[in-house]
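Printed here is target-v9.cif (mmCIF, C-alpha atoms):
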```cif
data_entry
loop_
_atom_site.label_atom_id
_atom_site.label_comp_id
_atom_site.auth_asym_id
_atom_site.auth_seq_id
_atom_site.Cartn_x
_atom_site.Cartn_y
_atom_site.Cartn_z
CA MET O 290 0.26 38.56 -34.12
CA LYS O 291 2.58 37.91 -37.08
CA PRO O 292 5.06 35.01 -36.65
CA MET O 293 8.01 37.24 -37.64
CA TRP O 294 7.33 39.63 -34.78
CA VAL O 295 6.98 36.69 -32.39
CA ARG O 296 10.42 35.39 -33.39
CA ILE O 297 12.00 38.83 -33.16
CA GLY O 298 10.42 39.34 -29.76
CA ALA O 299 11.65 35.94 -28.56
CA VAL O 300 15.21 36.74 -29.67
CA ALA O 301 15.11 40.13 -27.94
CA VAL O 302 13.70 38.67 -24.72
CA CYS O 303 16.27 35.87 -24.75
CA ALA O 304 19.14 38.33 -25.34
CA ILE O 305 18.05 40.53 -22.43
CA GLY O 306 17.70 37.52 -20.18
CA VAL O 307 21.04 35.99 -21.15
CA THR O 308 22.80 39.30 -20.49
CA GLY O 309 21.27 39.48 -17.03
CA CYS O 310 22.16 35.85 -16.32
CA ILE O 311 25.80 36.38 -17.31
CA VAL O 312 26.07 39.38 -15.00
CA GLY O 313 24.34 37.46 -12.20
CA ALA O 314 26.47 34.33 -12.62
CA LEU O 315 29.70 36.34 -12.51
CA SER O 316 28.65 38.25 -9.40
CA ASP O 317 26.91 35.50 -7.38
CA TRP O 318 26.87 31.95 -8.71
CA ALA O 319 24.62 30.59 -5.94
CA ALA O 320 21.97 33.23 -6.67
CA PHE O 321 22.19 32.46 -10.38
CA ALA O 322 21.84 28.72 -9.70
CA HIS O 323 18.60 29.25 -7.77
CA ALA O 324 17.22 31.62 -10.41
CA TRP O 325 18.12 29.26 -13.23
CA LEU O 326 16.63 26.26 -11.42
CA CYS O 327 13.34 28.18 -11.18
CA SER O 328 13.40 28.96 -14.89
CA TYR O 329 14.29 25.38 -15.77
CA VAL O 330 11.54 23.84 -13.62
CA LEU O 331 9.02 26.32 -15.03
CA TRP O 332 9.61 25.98 -18.77
CA LEU O 333 10.10 22.22 -18.76
CA GLY O 334 6.33 22.05 -18.43
CA ILE O 335 5.82 22.97 -22.09
CA PRO O 336 7.26 19.78 -23.66
CA LEU O 337 6.19 17.54 -20.76
CA ALA O 338 2.58 18.65 -21.14
CA GLY O 339 2.76 18.19 -24.91
CA VAL O 340 3.99 14.61 -24.61
CA THR O 341 1.44 13.82 -21.89
CA LEU O 342 -1.50 15.12 -23.89
CA VAL O 343 -0.52 13.19 -27.02
CA LEU O 344 -0.08 9.93 -25.10
CA VAL O 345 -3.38 10.42 -23.26
CA HIS O 346 -5.12 11.04 -26.59
CA ASP O 347 -3.68 7.78 -27.94
CA LEU O 348 -5.68 5.97 -25.26
CA SER O 349 -8.82 8.12 -25.09
CA GLY O 350 -9.20 9.70 -28.52
CA GLY O 351 -10.96 13.01 -29.09
CA ASP O 352 -11.70 15.28 -32.05
CA TRP O 353 -9.96 18.23 -30.33
CA MET O 354 -6.56 16.79 -31.31
CA GLU O 355 -7.20 17.78 -34.93
CA THR O 356 -6.86 21.42 -33.89
CA ALA O 357 -4.27 20.96 -31.14
CA ARG O 358 -1.78 18.64 -32.87
CA PRO O 359 0.35 21.24 -34.75
CA VAL O 360 0.81 23.33 -31.62
CA LEU O 361 1.48 20.27 -29.47
CA ALA O 362 4.10 19.15 -31.98
CA ALA O 363 5.84 22.50 -31.66
CA ALA O 364 5.74 22.18 -27.86
CA ILE O 365 7.21 18.67 -27.97
CA MET O 366 10.01 19.84 -30.28
CA THR O 367 11.35 21.98 -27.43
CA MET O 368 12.09 18.88 -25.32
CA PRO O 369 15.84 18.60 -26.12
CA LEU O 370 16.48 22.23 -25.17
CA ALA O 371 14.11 22.24 -22.19
CA SER O 372 15.41 18.97 -20.71
CA LEU O 373 19.11 19.79 -21.11
CA ALA O 374 18.67 23.31 -19.76
CA GLY O 375 19.11 22.02 -16.23
CA ILE O 376 22.85 21.53 -16.76
CA PRO O 377 23.87 25.10 -15.75
CA ALA O 378 21.99 24.78 -12.45
CA PHE O 379 23.39 21.34 -11.68
CA ILE O 380 27.06 22.06 -12.44
CA ASP O 381 27.69 22.93 -8.81
CA LEU O 382 25.14 21.14 -6.66
CA THR O 383 26.61 22.60 -3.47
CA SER O 384 25.16 25.97 -4.45
CA LEU O 385 21.63 24.53 -4.31
CA TYR O 386 21.40 21.52 -2.05
CA GLY O 387 22.41 21.18 1.58
CA TRP O 388 22.53 17.40 1.31
CA THR O 389 25.77 17.66 -0.67
CA HIS O 390 27.30 18.14 2.81
CA PRO O 391 24.78 16.07 4.78
CA PRO O 392 24.06 17.09 8.36
CA PRO O 393 24.42 14.40 11.04
CA GLY O 394 21.55 11.97 11.12
CA LEU O 395 20.24 12.60 7.60
CA PRO O 396 18.79 9.17 6.74
CA ASN O 397 18.45 9.35 2.96
CA THR O 398 22.03 9.93 1.82
CA PHE O 399 21.88 6.70 -0.19
CA TYR O 400 19.49 8.57 -2.51
CA LEU O 401 20.56 12.18 -2.06
CA ASN O 402 24.16 12.25 -3.22
CA PRO O 403 25.73 14.02 -6.23
CA GLN O 404 26.55 10.88 -8.19
CA ALA O 405 23.06 9.36 -7.93
CA PHE O 406 21.47 12.77 -8.58
CA ARG O 407 23.35 13.24 -11.87
CA VAL O 408 22.67 9.66 -12.99
CA ARG O 409 18.95 10.18 -12.40
CA TYR O 410 19.02 13.51 -14.23
CA GLY O 411 20.65 11.88 -17.25
CA THR O 412 18.06 9.09 -17.12
CA TYR O 413 15.19 11.60 -17.09
CA VAL O 414 16.63 13.42 -20.11
CA VAL O 415 17.01 10.21 -22.13
CA LEU O 416 13.55 8.88 -21.24
CA TRP O 417 11.77 12.15 -21.92
CA ASN O 418 13.42 12.67 -25.26
CA LEU O 419 12.61 9.10 -26.34
CA LEU O 420 8.98 9.65 -25.36
CA ALA O 421 9.00 12.99 -27.17
CA ALA O 422 10.28 11.30 -30.33
CA TYR O 423 7.50 8.70 -30.10
CA ALA O 424 4.86 11.37 -29.49
CA LEU O 425 6.18 13.45 -32.37
CA TRP O 426 6.88 10.87 -35.06
CA GLY O 427 4.58 8.00 -34.18
CA PRO O 428 2.01 6.86 -36.79
CA ARG O 429 -0.71 9.37 -35.96
CA GLU O 430 -2.15 12.37 -37.77
CA GLY O 431 -5.02 14.79 -37.44
CA LYS O 432 -7.47 13.73 -34.79
CA GLU O 433 -6.48 10.07 -35.00
CA PRO O 434 -4.39 8.36 -32.29
CA VAL O 435 -1.87 5.60 -32.94
CA PRO O 436 -3.19 2.28 -34.28
CA SER O 437 -4.70 0.10 -31.57
CA GLY O 438 -1.77 -2.31 -31.81
CA LEU O 439 0.59 0.43 -30.59
CA SER O 440 -1.58 1.91 -27.85
CA TRP O 441 0.18 -0.24 -25.24
CA ILE O 442 3.36 1.76 -25.92
CA SER O 443 1.50 4.95 -25.07
CA ALA O 444 0.16 3.38 -21.88
CA VAL O 445 3.62 2.29 -20.78
CA GLY O 446 4.99 5.68 -21.82
CA LEU O 447 2.50 7.47 -19.56
CA ILE O 448 3.54 5.31 -16.61
CA VAL O 449 7.22 5.97 -17.28
CA LEU O 450 6.55 9.68 -17.70
CA ALA O 451 4.57 9.88 -14.45
CA LEU O 452 7.19 8.03 -12.42
CA SER O 453 10.17 9.91 -13.85
CA ALA O 454 8.48 13.30 -13.47
CA SER O 455 7.60 12.45 -9.85
CA PHE O 456 11.18 11.56 -8.99
CA ALA O 457 12.43 14.65 -10.85
CA ALA O 458 10.14 16.85 -8.75
CA ILE O 459 11.53 15.21 -5.60
CA ASP O 460 15.15 15.54 -6.75
CA TRP O 461 15.07 19.13 -7.97
CA VAL O 462 12.57 20.87 -5.70
CA LEU O 463 11.58 18.81 -2.68
CA SER O 464 15.19 17.92 -1.79
CA LEU O 465 16.04 21.60 -1.37
CA GLU O 466 14.87 20.89 2.18
CA PRO O 467 16.07 17.29 2.67
CA ARG O 468 14.19 16.70 5.92
CA PHE O 469 10.83 17.74 4.50
CA TRP O 470 8.63 15.14 2.82
CA SER O 471 5.23 15.22 1.17
CA SER O 472 3.85 12.29 -0.79
CA ILE O 473 1.44 14.67 -2.56
CA PHE O 474 4.17 17.01 -3.79
CA PRO O 475 4.86 15.11 -7.06
CA TYR O 476 1.18 15.57 -7.96
CA THR O 477 1.33 19.31 -7.32
CA GLN O 478 4.43 19.68 -9.48
CA ALA O 479 2.94 17.52 -12.22
CA ALA O 480 -0.11 19.80 -12.25
CA ASN O 481 2.20 22.83 -12.39
CA TRP O 482 3.98 21.43 -15.44
CA PHE O 483 0.80 20.41 -17.21
CA ASN O 484 -0.87 23.77 -16.61
CA THR O 485 2.20 25.60 -17.91
CA GLY O 486 2.25 23.62 -21.12
CA MET O 487 -1.52 23.57 -21.59
CA ALA O 488 -1.82 27.33 -21.07
CA THR O 489 0.98 27.89 -23.60
CA VAL O 490 -0.70 25.68 -26.21
CA VAL O 491 -4.16 27.24 -25.85
CA LEU O 492 -2.72 30.77 -25.72
CA THR O 493 -0.79 30.11 -28.94
CA VAL O 494 -3.92 28.97 -30.74
CA ALA O 495 -5.89 31.96 -29.45
CA ALA O 496 -3.17 34.43 -30.47
CA SER O 497 -2.53 32.91 -33.91
CA GLY O 498 -6.17 32.82 -34.96
CA TRP O 499 -9.30 31.38 -33.44
CA PRO O 500 -10.80 28.56 -35.52
CA ALA O 501 -13.64 29.89 -37.65
CA GLU O 502 -15.49 26.63 -38.14
CA GLU O 503 -17.97 25.69 -35.45
CA ARG O 504 -16.37 22.27 -35.11
CA ARG O 505 -12.96 23.81 -34.47
CA ARG O 506 -14.42 26.25 -31.97
CA ALA O 507 -15.79 23.21 -30.15
CA HIS O 508 -12.25 21.76 -30.14
CA MET O 509 -10.96 24.89 -28.43
CA SER O 510 -13.76 24.67 -25.91
CA ASP O 511 -12.66 21.10 -25.18
CA LEU O 512 -9.07 22.26 -24.62
CA ALA O 513 -10.29 25.01 -22.30
CA ARG O 514 -12.22 22.38 -20.34
CA ILE O 515 -9.06 20.28 -19.97
CA LEU O 516 -7.22 23.36 -18.72
CA LEU O 517 -10.01 24.09 -16.24
CA ALA O 518 -9.96 20.51 -14.96
CA THR O 519 -6.21 20.59 -14.34
CA THR O 520 -6.37 23.95 -12.53
CA ILE O 521 -8.99 22.46 -10.22
CA PHE O 522 -6.78 19.41 -9.69
CA TRP O 523 -3.77 21.62 -8.90
CA ALA O 524 -5.76 23.61 -6.33
CA TYR O 525 -7.07 20.40 -4.77
CA VAL O 526 -3.67 18.73 -4.29
CA GLU O 527 -2.08 21.97 -3.06
CA PHE O 528 -4.82 22.39 -0.46
CA MET O 529 -4.65 18.73 0.59
CA GLN O 530 -0.89 18.99 1.12
CA PHE O 531 -1.37 22.09 3.28
CA LEU O 532 -4.28 20.54 5.21
CA ILE O 533 -2.44 17.30 6.01
CA ILE O 534 0.71 19.12 7.16
CA TRP O 535 -1.36 21.56 9.23
CA GLU O 536 -3.22 18.69 10.93
CA GLU O 537 -0.07 16.68 11.62
CA ASN O 538 1.79 19.74 12.97
CA LEU O 539 5.17 18.01 12.78
CA ARG O 540 8.39 19.90 13.40
CA THR O 541 9.90 18.40 10.26
CA GLU O 542 7.07 19.68 8.03
CA ILE O 543 5.57 22.90 9.42
CA PRO O 544 8.77 24.97 8.89
CA TRP O 545 8.48 24.42 5.14
CA TYR O 546 5.29 26.48 5.05
CA LEU O 547 6.40 28.97 7.71
CA LYS O 548 9.48 29.75 5.67
CA ARG O 549 7.27 30.79 2.75
CA LEU O 550 4.68 32.64 4.81
CA ASP O 551 7.34 34.72 6.57
CA SER O 552 9.52 35.47 3.55
CA ALA O 553 9.55 38.23 0.95
CA TRP O 554 7.93 35.73 -1.42
CA ARG O 555 4.64 35.66 0.47
CA PRO O 556 2.86 37.78 -2.22
CA ALA O 557 3.58 34.96 -4.67
CA ILE O 558 1.03 32.87 -2.74
CA TYR O 559 -1.76 35.28 -3.66
CA VAL O 560 -0.61 35.61 -7.27
CA SER O 561 -0.40 31.84 -7.63
CA ALA O 562 -3.80 31.17 -6.05
CA GLY O 563 -5.60 34.14 -7.64
CA PHE O 564 -4.31 33.86 -11.21
CA GLY O 565 -3.80 30.10 -11.13
CA PHE O 566 -7.15 29.02 -9.72
CA VAL O 567 -9.67 31.70 -8.71
CA VAL O 568 -9.78 33.57 -12.03
CA PRO O 569 -9.63 30.50 -14.32
CA PHE O 570 -12.22 28.66 -12.24
CA PHE O 571 -14.88 31.36 -12.22
CA VAL O 572 -14.23 32.49 -15.81
CA LEU O 573 -13.94 29.13 -17.57
CA LEU O 574 -16.76 27.64 -15.54
CA TRP O 575 -19.07 29.87 -17.58
CA ALA O 576 -19.61 27.96 -20.84
CA PRO O 577 -19.66 30.93 -23.31
CA SER O 578 -16.25 32.12 -22.11
CA LYS O 579 -14.63 28.95 -23.47
CA TYR O 580 -15.57 30.06 -27.00
CA ASN O 581 -14.28 33.63 -26.60
CA ARG O 582 -10.80 34.07 -28.03
CA GLY O 583 -9.90 37.11 -25.93
CA VAL O 584 -11.18 35.69 -22.66
CA VAL O 585 -9.41 32.35 -23.09
CA GLY O 586 -6.17 34.09 -24.10
CA ILE O 587 -6.21 36.35 -21.03
CA VAL O 588 -6.94 33.41 -18.73
CA CYS O 589 -4.02 31.46 -20.22
CA ALA O 590 -1.68 34.42 -19.78
CA LEU O 591 -2.72 34.77 -16.14
CA ILE O 592 -2.14 31.06 -15.56
CA LEU O 593 1.40 31.39 -16.94
CA ILE O 594 2.05 34.31 -14.58
CA SER O 595 0.76 32.21 -11.69
CA ARG O 596 3.09 29.35 -12.63
CA VAL O 597 6.07 31.71 -12.54
CA ALA O 598 5.02 32.95 -9.09
CA ASN O 599 4.40 29.41 -7.84
CA THR O 600 7.80 28.17 -9.03
CA TRP O 601 9.54 31.08 -7.33
CA LEU O 602 7.58 30.32 -4.16
CA LEU O 603 8.73 26.69 -4.18
CA ILE O 604 12.42 27.33 -4.74
CA MET O 605 13.50 30.83 -3.74
CA PRO O 606 12.71 30.70 0.01
CA GLU O 607 15.23 27.84 0.29
CA SER O 608 18.08 30.13 -0.76
CA THR O 609 20.34 31.00 2.16
CA SER O 610 20.82 34.55 0.86
CA PRO O 611 18.31 36.80 -0.95
CA THR O 612 18.41 36.52 -4.73
CA PRO O 613 18.13 39.78 -6.72
CA PHE O 614 14.68 39.92 -8.27
CA TRP O 615 16.11 41.17 -11.56
CA LEU O 616 18.16 37.96 -11.79
CA ASP O 617 15.07 35.83 -11.18
CA VAL O 618 13.31 37.65 -14.03
CA ALA O 619 16.38 37.46 -16.28
CA ALA O 620 16.57 33.66 -15.91
CA VAL O 621 12.89 33.28 -16.79
CA LEU O 622 13.34 35.51 -19.85
CA ALA O 623 16.55 33.82 -21.03
CA LEU O 624 15.31 30.24 -21.13
CA GLY O 625 11.71 31.25 -21.90
CA GLY O 626 12.82 33.33 -24.87
CA ALA O 627 14.96 30.50 -26.25
CA ILE O 628 12.14 27.96 -25.89
CA MET O 629 9.59 30.35 -27.41
CA LEU O 630 11.91 30.96 -30.36
CA LEU O 631 12.25 27.23 -31.01
CA PHE O 632 8.50 26.85 -30.51
CA ALA O 633 7.74 29.64 -33.02
CA LEU O 634 10.18 28.25 -35.59
CA GLU O 635 8.57 24.83 -35.43
CA LEU O 636 5.13 26.41 -35.87
CA ARG O 637 6.41 28.25 -38.92
CA TYR O 638 7.47 25.05 -40.65
CA SER O 639 4.46 23.04 -39.49
CA ARG O 640 1.23 22.86 -41.40
CA GLY O 641 -0.47 25.15 -38.90
CA LEU O 642 -4.10 24.61 -38.02
CA ALA O 643 -5.23 22.18 -40.65
CA PRO O 644 -8.45 23.12 -42.44
CA ALA O 645 -11.52 21.24 -41.32
CA SER O 646 -11.96 19.76 -44.79
CA ARG O 647 -8.47 18.24 -44.80
CA PRO O 648 -8.56 14.44 -45.17
CA ILE O 649 -7.11 12.66 -42.18
CA TRP O 650 -5.18 9.44 -41.83
CA THR O 651 -7.48 6.86 -40.23
CA THR O 652 -6.97 3.67 -38.25
CA ASP O 653 -9.11 0.99 -36.76
CA HIS O 654 -8.32 2.29 -33.27
CA GLY O 655 -10.85 0.99 -30.78
#
```
Would you kindly transcribe this structure into structure tokens?
Amino acid sequence: MKPMWVRIGAVAVCAIGVTGCIVGALSDWAAFAHAWLCSYVLWLGIPLAGVTLVLVHDLSGGDWMETARPVLAAAIMTMPLASLAGIPAFIDLTSLYGWTHPPPGLPNTFYLNPQAFRVRYGTYVVLWNLLAAYALWGPREGKEPVPSGLSWISAVGLIVLALSASFAAIDWVLSLEPRFWSSIFPYTQAANWFNTGMATVVLTVAASGWPAEERRRAHMSDLARILLATTIFWAYVEFMQFLIIWEENLRTEIPWYLKRLDSAWRPAIYVSAGFGFVVPFFVLLWAPSKYNRGVVGIVCALILISRVANTWLLIMPESTSPTPFWLDVAAVLALGGAIMLLFALELRYSRGLAPASRPIWTTDHG
């Protein structure tokens, strides 16, 4: 697909989505806030996954980064837009969160209050953009990680990223039901974010041109293996959360699942599980499929659809009134189109997939 058509398509999709969001916000602000929160939580996975993968590579190394780096750089460049996009949803917290008017006996009001919530949100934005700048402009190139003397920064950055993303997942999603708690939930949301970003990166490479050299095809197979591993991890932590809550059978936890099983969003469970785990697992488990451009591209597209369904499933059942489905779609298109446009523009000005013969900057990284 030509880059010009990608940019035109992104602008058109964004315009359609923004129009729908404006209409929705003017008619029902609470419904718009829920729809926009879903879109925000979904698309934030693109830059978060990009930063995570670069920092992990700094510590582990791997030839696959030579192929992935230009696309990861484009993903990381969306961090300012993706991180600040939560502002429209968080303007009026009363539209989203019941703890803004805490019921009697709610024990965690010291943490769940508007002032602390907004301070934490601002902290996440600052930290993530600093880490994005380090991942984007640090002294690394091609398949090489940072020099060994700087690898400690990447290690600390991963810890900071993991902790901040965990608290963000608790703040934005888990606190929609302030009496519900799951210590595994931050892991499930982290896997959601990573799968969203990883599927976007691999899909972009597959759509823009599969590497011709055997070595580059091996890189793409490595990326597909990483994607497969994270889909398995997501399925595992989701099942463990369900199993533990089912075994405990506590009145404070069971309603969270019952609300989703008995709502109009129940089909999202099957879309999320089928497209997000069953299909990727059985397709990518077969080694030749990881080298097939069409197969990998389709799997990545299905994973993205599953992430949309899963995000709706997490957030929408907590809305006190039904949200129009067209508004949910419009919010996904509006922010998704804007991020894809920025992503495509960065790819246009990047060096693209560097040829295999290109000399690379080297270090004495251990």
For O:Asp381: contacts at 12 Å, all atoms listed in the file, fewer than 2 positions along chain excluded, given as a VMD selection string = chain O and resid 318 to 323 326 375 to 379 383 to 387 389 403 406 to 407
Export C-alpha atoms of the chosen residues as a PDB file, keeping the file's coordinate frame?
```pdb
ATOM      1  CA  TRP O 318      26.870  31.950  -8.710  1.00  0.00           C
ATOM      2  CA  ALA O 319      24.620  30.590  -5.940  1.00  0.00           C
ATOM      3  CA  ALA O 320      21.970  33.230  -6.670  1.00  0.00           C
ATOM      4  CA  PHE O 321      22.190  32.460 -10.380  1.00  0.00           C
ATOM      5  CA  ALA O 322      21.840  28.720  -9.700  1.00  0.00           C
ATOM      6  CA  HIS O 323      18.600  29.250  -7.770  1.00  0.00           C
ATOM      7  CA  LEU O 326      16.630  26.260 -11.420  1.00  0.00           C
ATOM      8  CA  GLY O 375      19.110  22.020 -16.230  1.00  0.00           C
ATOM      9  CA  ILE O 376      22.850  21.530 -16.760  1.00  0.00           C
ATOM     10  CA  PRO O 377      23.870  25.100 -15.750  1.00  0.00           C
ATOM     11  CA  ALA O 378      21.990  24.780 -12.450  1.00  0.00           C
ATOM     12  CA  PHE O 379      23.390  21.340 -11.680  1.00  0.00           C
ATOM     13  CA  THR O 383      26.610  22.600  -3.470  1.00  0.00           C
ATOM     14  CA  SER O 384      25.160  25.970  -4.450  1.00  0.00           C
ATOM     15  CA  LEU O 385      21.630  24.530  -4.310  1.00  0.00           C
ATOM     16  CA  TYR O 386      21.400  21.520  -2.050  1.00  0.00           C
ATOM     17  CA  GLY O 387      22.410  21.180   1.580  1.00  0.00           C
ATOM     18  CA  THR O 389      25.770  17.660  -0.670  1.00  0.00           C
ATOM     19  CA  PRO O 403      25.730  14.020  -6.230  1.00  0.00           C
ATOM     20  CA  PHE O 406      21.470  12.770  -8.580  1.00  0.00           C
ATOM     21  CA  ARG O 407      23.350  13.240 -11.870  1.00  0.00           C
TER      22      ARG O 407
END
```
Any chance you could work out the residue set of the PyMOL selection byres ((chain O and resi 347-362) around 6) here, as a CSV table (one decimal) with C-alpha atoms, in the coordinates of the input?
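expr08.csv, written as the output of this step:
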```
chain,number,residue,atom,x,y,z
O,339,GLY,CA,2.8,18.2,-24.9
O,344,LEU,CA,-0.1,9.9,-25.1
O,345,VAL,CA,-3.4,10.4,-23.3
O,346,HIS,CA,-5.1,11.0,-26.6
O,363,ALA,CA,5.8,22.5,-31.7
O,364,ALA,CA,5.7,22.2,-27.9
O,365,ILE,CA,7.2,18.7,-28.0
O,431,GLY,CA,-5.0,14.8,-37.4
O,432,LYS,CA,-7.5,13.7,-34.8
O,434,PRO,CA,-4.4,8.4,-32.3
O,435,VAL,CA,-1.9,5.6,-32.9
O,508,HIS,CA,-12.2,21.8,-30.1
O,641,GLY,CA,-0.5,25.2,-38.9
O,642,LEU,CA,-4.1,24.6,-38.0
```
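A straight line drawn from atom CA of O:Arg296 to atom CA of O:Ile335 is 17.4 Å long.
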Determine, counting all atoms listed in the file, which protein, DNA and RNA residues have an atom within 9 Å of an atom of O:Asn481; residues of the same chain fewer than 6 positions away are not included. Present the result as JSON, numbers by chain.
-> {"O": [331, 334, 519, 520, 523, 596, 599, 600]}
Residues from the last selection, C-alpha atoms, saved as an mmCIF file, in the frame of the given file:
```cif
data_model
loop_
_atom_site.group_PDB
_atom_site.id
_atom_site.type_symbol
_atom_site.label_atom_id
_atom_site.label_comp_id
_atom_site.auth_asym_id
_atom_site.auth_seq_id
_atom_site.Cartn_x
_atom_site.Cartn_y
_atom_site.Cartn_z
ATOM 1 C CA LEU O 331 9.020 26.320 -15.030
ATOM 2 C CA GLY O 334 6.330 22.050 -18.430
ATOM 3 C CA THR O 519 -6.210 20.590 -14.340
ATOM 4 C CA THR O 520 -6.370 23.950 -12.530
ATOM 5 C CA TRP O 523 -3.770 21.620 -8.900
ATOM 6 C CA ARG O 596 3.090 29.350 -12.630
ATOM 7 C CA ASN O 599 4.400 29.410 -7.840
ATOM 8 C CA THR O 600 7.800 28.170 -9.030
#
```
Any chance you could work out the residue set of the PyMOL selection byres ((chain O and resi 305) around 12) here, as a list of chain:residue names?
-> O:Gly298, O:Ala299, O:Val300, O:Ala301, O:Val302, O:Cys303, O:Ala304, O:Gly306, O:Val307, O:Thr308, O:Gly309, O:Cys310, O:Ile311, O:Val312, O:Trp615, O:Leu616, O:Val618, O:Ala619, O:Ala620, O:Val621, O:Leu622, O:Ala623, O:Leu624, O:Gly625, O:Gly626, O:Ala627
Which protein, DNA or RNA residues are at most 6 Å from (-2.2, 26.4, -17.0) in the file's coordinates when you count all atoms listed in the file, listed as a VMD selection string?
-> chain O and resid 484 to 485 487 to 488 592
Could you please take those selected residues and save C-alpha atoms as a PDB file, in the coordinates of the input?
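Wrote it out as part.pdb, contents follow:
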```pdb
ATOM      1  CA  ASN O 484      -0.870  23.770 -16.610  1.00  0.00           C
ATOM      2  CA  THR O 485       2.200  25.600 -17.910  1.00  0.00           C
ATOM      3  CA  MET O 487      -1.520  23.570 -21.590  1.00  0.00           C
ATOM      4  CA  ALA O 488      -1.820  27.330 -21.070  1.00  0.00           C
ATOM      5  CA  ILE O 592      -2.140  31.060 -15.560  1.00  0.00           C
TER       6      ILE O 592
END
```
9 Å contact set for O:Ala458, only C-alpha atoms, chain neighbours under 3 positions out, as a compact mmCIF listing (two decimals) with C-alpha atoms, in the coordinates of the input:
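Once written, result19.txt looks like this:
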```txt
# COMPACT_ATOMS: atom_id res chain seq x y z
CA VAL O 330 11.54 23.84 -13.62
CA SER O 453 10.17 9.91 -13.85
CA ALA O 454 8.48 13.30 -13.47
CA SER O 455 7.60 12.45 -9.85
CA TRP O 461 15.07 19.13 -7.97
CA VAL O 462 12.57 20.87 -5.70
CA LEU O 463 11.58 18.81 -2.68
CA SER O 464 15.19 17.92 -1.79
CA PHE O 474 4.17 17.01 -3.79
CA PRO O 475 4.86 15.11 -7.06
CA GLN O 478 4.43 19.68 -9.48
CA ALA O 479 2.94 17.52 -12.22
```
Scan for residues within 8 Å of the point (12.2, 20.7, -32.7) in the coordinates of the file, using all atoms listed in the file, and reply as an NGL selection string.
-> :O and (363 or 365-369 or 631-632 or 635)
Point out the residue among O:Ile515, O:Leu574, O:Ala598, O:Ala422 with the least atom-to-atom distance to O:Pro556, counting all atoms listed in the file.
-> O:Ala598
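Using all atoms listed in the file, the shortest contact distance between O:Phe571 and any of O:Leu337, O:Ala314, O:Ile558, O:Ile521 is found at O:Ile521.
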Could you tell me which residues the PyMOL selection byres ((chain O and resi 561) around 10) grabs in this file, written as a PyMOL selection string?
-> chain O and resi 524+556-560+562-567+591-602
Separation of atom CA of O:Asp317 from atom CA of O:Leu465, in Å and rounded to one decimal |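 Distance between the two atoms: 18.6 Å.
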Closest of O:Asp511, O:Glu536, O:Glu466, O:Glu527 to O:Lys548 - atom-to-atom distances counting only C-alpha atoms |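 Of all the options, O:Glu466 lies closest to O:Lys548.
Each of O:Lys579, O:Leu532, O:Ile448, O:Val491 was compared to O:Arg506 using all atoms listed in the file, and O:Lys579 turns out to be the nearest.
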For O:Ala507, the nearest of the candidates O:Ser471, O:Asn581, O:Thr541, O:Ser437, counting only C-alpha atoms |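 Residue with the minimum atom-to-atom distance to O:Ala507: O:Asn581.
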Report as JSON the centre and the edge lengths, in Å to one decimal, of the axis-aligned box holding every listed atom of stretch 599-613 of chain O, padded by 4 Å on each side.
```
{"center_x": 12.6, "center_y": 33.2, "center_z": -3.4, "size_x": 24.4, "size_y": 21.1, "size_z": 19.2}
```
What's the 9 Å shell around O:Pro396, counting all atoms listed in the file, without same-chain residues fewer than 3 positions away, as number ranges by chain?
-> O: 393, 399, 468
Print the selection's residues with C-alpha atoms to a file, as an mmCIF file, in the frame of the given file.
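selection.cif, freshly written:
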```
data_model
loop_
_atom_site.group_PDB
_atom_site.id
_atom_site.type_symbol
_atom_site.label_atom_id
_atom_site.label_comp_id
_atom_site.auth_asym_id
_atom_site.auth_seq_id
_atom_site.Cartn_x
_atom_site.Cartn_y
_atom_site.Cartn_z
ATOM 1 C CA PRO O 393 24.420 14.400 11.040
ATOM 2 C CA PHE O 399 21.880 6.700 -0.190
ATOM 3 C CA ARG O 468 14.190 16.700 5.920
#
```
Which is closer to O:Tyr400 than all the others in O:Pro569, O:Ala371, O:Ile459, O:Arg555, using only C-alpha atoms?
-> O:Ile459
Could you work out how far atom CA of O:Trp325 lies from atom CA of O:Ser472, giving the answer in Å with one decimal?
->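 Atom CA of O:Trp325 lies 25.4 Å from atom CA of O:Ser472.
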Which neighbours of O:Gln404 fall inside 12 Å, counting only C-alpha atoms, when residues of the same chain fewer than 6 positions from it are skipped, and could you give them as a VMD selection string?
-> chain O and resid 379 to 380 382 389 398 410 to 411
